[in-house]
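J.: So I've got this file, work-v5.cif, and it contains mmCIF, C-alpha atoms:
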data_my_file
#
loop_
_atom_site.label_atom_id
_atom_site.label_comp_id
_atom_site.auth_asym_id
_atom_site.auth_seq_id
_atom_site.Cartn_x
_atom_site.Cartn_y
_atom_site.Cartn_z
CA MET A 89 -14.29 40.89 25.76
CA VAL A 90 -11.31 43.10 25.13
CA ASP A 91 -8.21 42.38 27.18
CA PRO A 92 -7.57 45.15 29.75
CA ALA A 93 -4.18 45.80 28.22
CA ASP A 94 -5.81 46.48 24.85
CA ALA A 95 -8.64 48.70 26.11
CA LEU A 96 -8.89 52.32 25.03
CA PRO A 97 -7.24 54.74 27.49
CA GLY A 98 -10.19 57.08 27.95
CA ARG A 99 -9.73 60.15 30.10
CA THR A 100 -9.26 60.32 33.86
CA ASN A 101 -9.80 64.05 34.37
CA GLN A 102 -12.72 64.78 32.06
CA SER A 103 -16.16 63.46 32.91
CA MET A 104 -19.30 63.66 30.81
CA PRO A 105 -21.65 66.60 31.47
CA VAL A 106 -24.95 65.52 32.99
CA PRO A 107 -28.33 67.25 32.50
CA ASP A 108 -29.65 69.19 35.48
CA ALA A 109 -32.86 67.16 35.70
CA HIS A 110 -34.56 64.00 34.48
CA PHE A 111 -36.44 64.83 31.27
CA VAL A 112 -39.53 62.91 32.41
CA ASN A 113 -39.87 63.48 36.16
CA GLY A 114 -37.56 66.41 36.88
CA ASN A 115 -35.51 64.62 39.55
CA SER A 116 -31.73 64.71 39.74
CA LEU A 117 -29.56 62.30 37.77
CA VAL A 118 -26.63 62.78 40.14
CA ARG A 119 -25.99 62.78 43.87
CA PRO A 120 -27.08 63.98 46.34
CA TRP A 121 -30.39 62.13 46.30
CA PRO A 122 -32.87 62.04 49.19
CA ASP A 123 -31.84 59.94 52.17
CA GLY A 124 -32.76 56.27 52.07
CA LEU A 125 -32.62 55.82 48.31
CA GLU A 126 -30.53 53.05 46.74
CA VAL A 127 -28.98 52.55 43.30
CA ALA A 128 -29.23 49.57 40.96
CA VAL A 129 -27.20 49.19 37.75
CA VAL A 130 -28.31 46.81 34.98
CA GLY A 131 -27.35 46.07 31.39
CA MET A 132 -29.99 44.70 29.01
CA GLY A 133 -28.75 45.59 25.54
CA CYS A 134 -29.41 49.06 24.10
CA PHE A 135 -29.81 51.37 27.07
CA TRP A 136 -32.52 53.58 25.50
CA GLY A 137 -35.37 51.12 25.84
CA ALA A 138 -34.08 49.66 29.09
CA GLU A 139 -34.12 53.07 30.76
CA ARG A 140 -37.73 53.72 29.73
CA ILE A 141 -38.85 50.47 31.35
CA PHE A 142 -37.49 51.55 34.73
CA TRP A 143 -38.52 55.20 34.80
CA GLN A 144 -42.11 53.98 34.46
CA LEU A 145 -41.81 51.75 37.54
CA ASP A 146 -43.49 52.96 40.74
CA GLY A 147 -40.97 53.71 43.47
CA VAL A 148 -38.19 54.74 41.07
CA TYR A 149 -36.91 58.24 41.77
CA SER A 150 -34.54 58.69 38.83
CA THR A 151 -32.92 56.83 35.95
CA PHE A 152 -29.96 57.53 33.69
CA VAL A 153 -27.81 55.70 31.19
CA GLY A 154 -24.09 55.12 31.10
CA TYR A 155 -21.23 52.67 30.83
CA ALA A 156 -19.94 50.18 33.42
CA GLY A 157 -18.22 46.85 33.84
CA GLY A 158 -15.18 47.68 31.72
CA TYR A 159 -11.87 49.47 31.76
CA THR A 160 -11.97 52.80 29.88
CA PRO A 161 -12.63 55.79 32.17
CA ASN A 162 -15.15 58.36 30.93
CA CYS A 163 -15.52 56.74 27.53
CA THR A 164 -17.65 58.19 24.77
CA TYR A 165 -20.50 56.41 23.01
CA GLU A 166 -18.40 56.10 19.86
CA GLU A 167 -15.56 54.53 21.84
CA ASN A 168 -17.91 52.12 23.57
CA CYS A 169 -19.39 51.04 20.23
CA THR A 170 -15.96 49.76 19.18
CA GLY A 171 -16.09 47.10 21.90
CA LEU A 172 -12.65 48.27 23.08
CA THR A 173 -13.72 49.80 26.39
CA GLY A 174 -14.97 46.60 28.02
CA HIS A 175 -18.06 48.44 29.23
CA ALA A 176 -21.67 47.42 28.86
CA GLU A 177 -24.41 49.91 28.09
CA VAL A 178 -26.20 50.18 31.42
CA VAL A 179 -29.05 51.91 33.23
CA GLY A 180 -28.68 53.44 36.66
CA ILE A 181 -31.87 53.19 38.72
CA VAL A 182 -32.33 55.27 41.86
CA PHE A 183 -35.16 53.76 43.85
CA ASP A 184 -36.90 53.95 47.20
CA PRO A 185 -36.63 50.47 48.79
CA SER A 186 -39.64 51.24 50.98
CA ALA A 187 -41.74 51.63 47.83
CA VAL A 188 -40.17 49.14 45.42
CA SER A 189 -37.89 46.31 46.51
CA PHE A 190 -34.62 45.43 44.83
CA GLU A 191 -36.19 42.01 44.27
CA ARG A 192 -38.89 43.72 42.18
CA ILE A 193 -36.19 45.62 40.24
CA MET A 194 -34.59 42.27 39.48
CA GLN A 195 -37.90 40.73 38.44
CA VAL A 196 -38.38 43.49 35.87
CA PHE A 197 -34.78 43.06 34.72
CA TRP A 198 -35.06 39.30 34.13
CA GLU A 199 -38.46 39.50 32.42
CA SER A 200 -37.68 42.45 30.14
CA HIS A 201 -34.79 41.01 28.10
CA ASP A 202 -33.29 37.66 27.13
CA PRO A 203 -30.45 36.88 29.54
CA THR A 204 -29.63 33.65 27.69
CA GLN A 205 -28.13 35.60 24.77
CA ASP A 206 -24.36 35.98 24.92
CA MET A 207 -22.81 39.36 24.05
CA ARG A 208 -25.94 40.57 22.29
CA GLN A 209 -29.61 41.40 22.55
CA GLY A 210 -31.49 40.71 19.35
CA ASN A 211 -29.92 42.60 16.45
CA ASP A 212 -27.58 44.52 18.77
CA VAL A 213 -24.38 42.50 18.78
CA GLY A 214 -21.21 43.09 20.79
CA SER A 215 -19.85 43.02 24.33
CA GLN A 216 -21.37 46.47 24.95
CA TYR A 217 -24.84 44.89 24.66
CA ARG A 218 -24.22 42.05 27.11
CA THR A 219 -26.61 41.21 29.90
CA ALA A 220 -25.24 42.37 33.25
CA VAL A 221 -26.10 43.33 36.82
CA TYR A 222 -23.60 45.38 38.79
CA ALA A 223 -24.35 45.40 42.51
CA THR A 224 -23.72 48.74 44.16
CA GLN A 225 -23.87 47.31 47.67
CA ALA A 226 -23.04 43.87 49.00
CA ASP A 227 -26.56 42.88 50.05
CA GLN A 228 -27.74 43.15 46.45
CA LEU A 229 -25.62 40.16 45.46
CA SER A 230 -27.71 37.60 47.35
CA VAL A 231 -30.91 38.94 45.76
CA ILE A 232 -29.35 38.84 42.30
CA GLU A 233 -28.30 35.22 42.81
CA ALA A 234 -31.63 34.10 44.30
CA THR A 235 -33.64 35.65 41.49
CA ARG A 236 -31.23 34.27 38.89
CA VAL A 237 -31.74 30.74 40.20
CA THR A 238 -35.51 31.22 40.23
CA PHE A 239 -35.61 32.58 36.72
CA GLN A 240 -33.27 29.90 35.38
CA SER A 241 -35.66 27.23 36.61
CA GLN A 242 -38.49 28.95 34.77
CA LEU A 243 -36.39 29.23 31.62
CA ASP A 244 -35.50 25.54 31.86
CA SER A 245 -39.17 24.64 31.97
CA LYS A 246 -39.67 26.53 28.69
CA ASN A 247 -36.59 25.00 27.00
CA PHE A 248 -34.50 28.17 27.01
CA GLY A 249 -30.74 28.09 27.50
CA THR A 250 -28.48 29.10 30.36
CA ILE A 251 -28.43 32.64 31.72
CA LYS A 252 -25.30 34.47 30.57
CA THR A 253 -25.69 37.55 32.78
CA GLU A 254 -22.47 39.03 34.15
CA VAL A 255 -22.74 39.71 37.89
CA LYS A 256 -20.23 41.62 39.98
CA GLN A 257 -20.06 44.38 42.54
CA ILE A 258 -18.90 47.87 41.57
CA ASP A 259 -18.26 51.14 43.33
CA PHE A 260 -20.94 53.28 41.72
CA ASP A 261 -19.09 56.55 42.30
CA GLN A 262 -15.88 55.21 40.78
CA ASP A 263 -16.99 52.64 38.20
CA PHE A 264 -20.12 54.09 36.59
CA TYR A 265 -19.65 56.59 33.77
CA TYR A 266 -22.57 58.71 32.58
CA ALA A 267 -23.39 58.64 28.87
CA GLU A 268 -23.76 61.76 26.77
CA PRO A 269 -26.65 64.12 27.61
CA TYR A 270 -28.55 63.28 24.41
CA HIS A 271 -28.77 59.62 25.45
CA GLN A 272 -30.44 60.43 28.76
CA GLN A 273 -34.19 59.62 28.60
CA TYR A 274 -33.71 59.32 24.84
CA LEU A 275 -37.07 57.69 24.09
CA ALA A 276 -38.96 60.42 25.94
CA LYS A 277 -37.22 63.01 23.77
CA ASN A 278 -37.58 60.85 20.64
CA PRO A 279 -40.81 58.81 21.01
CA ASN A 280 -40.31 57.08 17.67
CA GLY A 281 -36.68 56.20 18.41
CA TYR A 282 -35.20 52.73 18.17
CA CYS A 283 -35.99 50.22 20.92
CA GLY A 284 -34.76 46.64 20.55
CA ILE A 285 -35.65 45.48 24.05
CA ALA A 286 -37.62 42.21 24.11
CA GLY A 287 -38.13 39.62 26.82
CA THR A 288 -38.51 35.87 26.56
CA GLY A 289 -42.16 35.84 27.59
CA VAL A 290 -41.19 33.82 30.65
CA SER A 291 -42.33 35.12 34.05
CA CYS A 292 -40.09 35.35 37.11
CA PRO A 293 -42.29 34.46 40.09
CA ILE A 294 -40.70 36.75 42.67
CA GLY A 295 -41.13 40.32 43.82
CA LEU A 296 -43.44 39.95 46.77
CA GLY A 297 -42.64 43.55 47.71
CA ALA A 298 -44.19 46.60 46.10
#
When written as structure tokens, how does the structure in this file appear?

T.:
Amino acid sequence: MVDPADALPGRTNQSMPVPDAHFVNGNSLVRPWPDGLEVAVVGMGCFWGAERIFWQLDGVYSTFVGYAGGYTPNCTYEENCTGLTGHAEVVGIVFDPSAVSFERIMQVFWESHDPTQDMRQGNDVGSQYRTAVYATQADQLSVIEATRVTFQSQLDSKNFGTIKTEVKQIDFDQDFYYAEPYHQQYLAKNPNGYCGIAGTGVSCPIGLGA
């Protein structure tokens, strides 16, 4: 990880433009969302394939990709690829907790990538591809930890290593930066585009909710 003092400066007064609607379902990528919806933020390597996994999940209202967990405000994709922003490539998931639980979101997260890999996912190497969960509200932290412990025990039984996932709480409105418009729902716009997402094949026996 880059030292904060060495991170790129970014831009404090210039945010990325965001498309008016989700390319797949037509819902908004930005606030305001309908009352009662919550936001999850996860990093699983390249954000293209990760986003597609979640927009297909029942109970998810909207998804979008961006940068979080680092230091450079409103960074560009090219800046993030240098590893000098400190950010991970992440997916924002707006979901209805009455239709799909955060526990279920976490189950999909753990099962859909390899959280034992450090600063990479497959051929995608660098701190921007690290495994991460950024809680957007305090009560998400206990679910993240409980599901991490459960999944680690399953990984241990299959002789995998230790989970390397970064976990911390962020202020979504201050600490999440939207990626460029062409990255949003990229694999719906480019069906033959690159997707390096791959799980371990190990199941996470949780998600008793919808």

J.: Please, what distance in Å, to one decimal, runs between atom CA of Pro92 of chain A and atom CA of Cys169 of chain A?

T.: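 One can read the atom CA of Pro92 of chain A to atom CA of Cys169 of chain A distance as 16.3 Å.
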
J.: Using all atoms listed in the file, can you tell me which of A:Tyr274, A:Tyr149, A:Phe248, A:Trp198 comes closest to Pro185 of chain A?

T.: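 Closest candidate: A:Tyr149.
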
J.: List as number ranges by chain the protein and nucleic acid residues near Ala220 of chain A, meaning an atom at most 6 Å away when only C-alpha atoms are counted, but skip any in the same chain fewer than 3 places from it.

T.: A: 130-131, 253-255

J.: Please write the residues from the selection above to a file, keeping C-alpha atoms, as a PDB file, in the coordinates of the input.

T.:
ATOM      1  CA  VAL A 130     -28.310  46.810  34.980  1.00  0.00           C
ATOM      2  CA  GLY A 131     -27.350  46.070  31.390  1.00  0.00           C
ATOM      3  CA  THR A 253     -25.690  37.550  32.780  1.00  0.00           C
ATOM      4  CA  GLU A 254     -22.470  39.030  34.150  1.00  0.00           C
ATOM      5  CA  VAL A 255     -22.740  39.710  37.890  1.00  0.00           C
TER       6      VAL A 255
END

J.: Nearest to Tyr266 of chain A: which of A:Thr164, A:Ser189, A:Ser150, A:Asn101 is it, counting all atoms listed in the file?

T.: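 Between A:Thr164, A:Ser189, A:Ser150, A:Asn101, the residue approaching Tyr266 of chain A most closely is A:Thr164.
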
J.: Nearest to Asp202 of chain A among A:Pro269, A:Pro97, A:Gly147, A:Gly289, with distances taken over all atoms listed in the file: which residue is it?

T.: A:Gly289

J.: To test the calculation: enclose all listed atoms of segment 290-294 of chain A in a box whose edges run along x, y and z, add 4 Å on each side, then state centre and edge lengths in Å to one decimal, as AutoDock Vina command-line options.

T.:
--center_x -41.2 --center_y 35.3 --center_z 36.7 --size_x 10.2 --size_y 10.9 --size_z 20.0

J.: Neighbours of Asp227 of chain A within 12 Å (only C-alpha atoms; same-chain residues fewer than 4 positions away dropped), as a PyMOL selection string?

T.: chain A and resi 126+128+190-191+222-223+231-234+256-257

J.: Run the PyMOL selection byres ((chain A and resi 134-144) around 7) mentally over the shown coordinates, then write out the matched residues as a list in words, using the chain letters and numbers from the document.

T.: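 Evaluating the PyMOL selection byres ((chain A and resi 134-144) around 7) on these coordinates yields Met132, Gly133, Leu145, Asp146, Val148, Ser150, Thr151, Phe152, Val153, Glu177, Val178, Val179, Tyr217, Gln273, Tyr274, Leu275, Cys283, Gly284 and Ile285 of chain A.
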
J.: Kindly indicate which residue among A:Gly98, A:Pro293, A:Gly249, A:Pro122 lies nearest to Cys163 of chain A, using all atoms listed in the file for the distances.

T.: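 Closest candidate: A:Gly98.
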
J.: Considering all atoms listed in the file, return as a list in words whatever protein or nucleic-acid residues lie within 6 Å of segment 102-111 of chain A, sequence-local ones (same chain, fewer than 3 positions apart) excluded.

T.: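 Here the qualifying residues turn out to be Arg99, Gly114, Asn115, Ser116, Asn162 and Pro269 of chain A.
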
J.: Can I get the selection written as a CSV table (one decimal), in the frame of the given file, with C-alpha atoms?

T.:
chain,number,residue,atom,x,y,z
A,99,ARG,CA,-9.7,60.2,30.1
A,114,GLY,CA,-37.6,66.4,36.9
A,115,ASN,CA,-35.5,64.6,39.6
A,116,SER,CA,-31.7,64.7,39.7
A,162,ASN,CA,-15.2,58.4,30.9
A,269,PRO,CA,-26.6,64.1,27.6

J.: Counting all atoms listed in the file, which of A:Asp184, A:Asp244, A:Asp263, A:Asp123 gets nearest to Thr204 of chain A?

T.: A:Asp244

J.: Using the chain letters and numbers from the file, which residues does the PyMOL selection byres ((chain A and resi 287) around 6) grab, as a list in words?

T.: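 That expression, the PyMOL selection byres ((chain A and resi 287) around 6), corresponds here to Glu199, Ser200, His201, Asp202, Ala286, Thr288 and Gly289 of chain A.
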
J.: Please evaluate the PyMOL selection byres ((chain A and resi 292) around 10) against the displayed coordinates and give the resulting residues as JSON, numbers by chain.

T.: {"A": [192, 194, 195, 196, 197, 198, 199, 235, 236, 238, 239, 240, 241, 242, 243, 289, 290, 291, 293, 294, 295]}

J.: Quick one, how far is atom CA of Val129 of chain A from atom CA of Leu96 of chain A?

T.: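 A separation of 22.5 Å between them.
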
J.: Grab the atom CA of Thr100 of chain A to atom CA of Lys277 of chain A distance for me, in Å with one decimal place.

T.: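 Separation between atom CA of Thr100 of chain A and atom CA of Lys277 of chain A: 29.8 Å.
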
J.: Between A:Met207, A:Leu172, A:Val221, A:Val112, which is the closest to Ala276 of chain A once you count all atoms listed in the file?

T.: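 Checking each candidate against Ala276 of chain A, we get A:Val112 as the closest.
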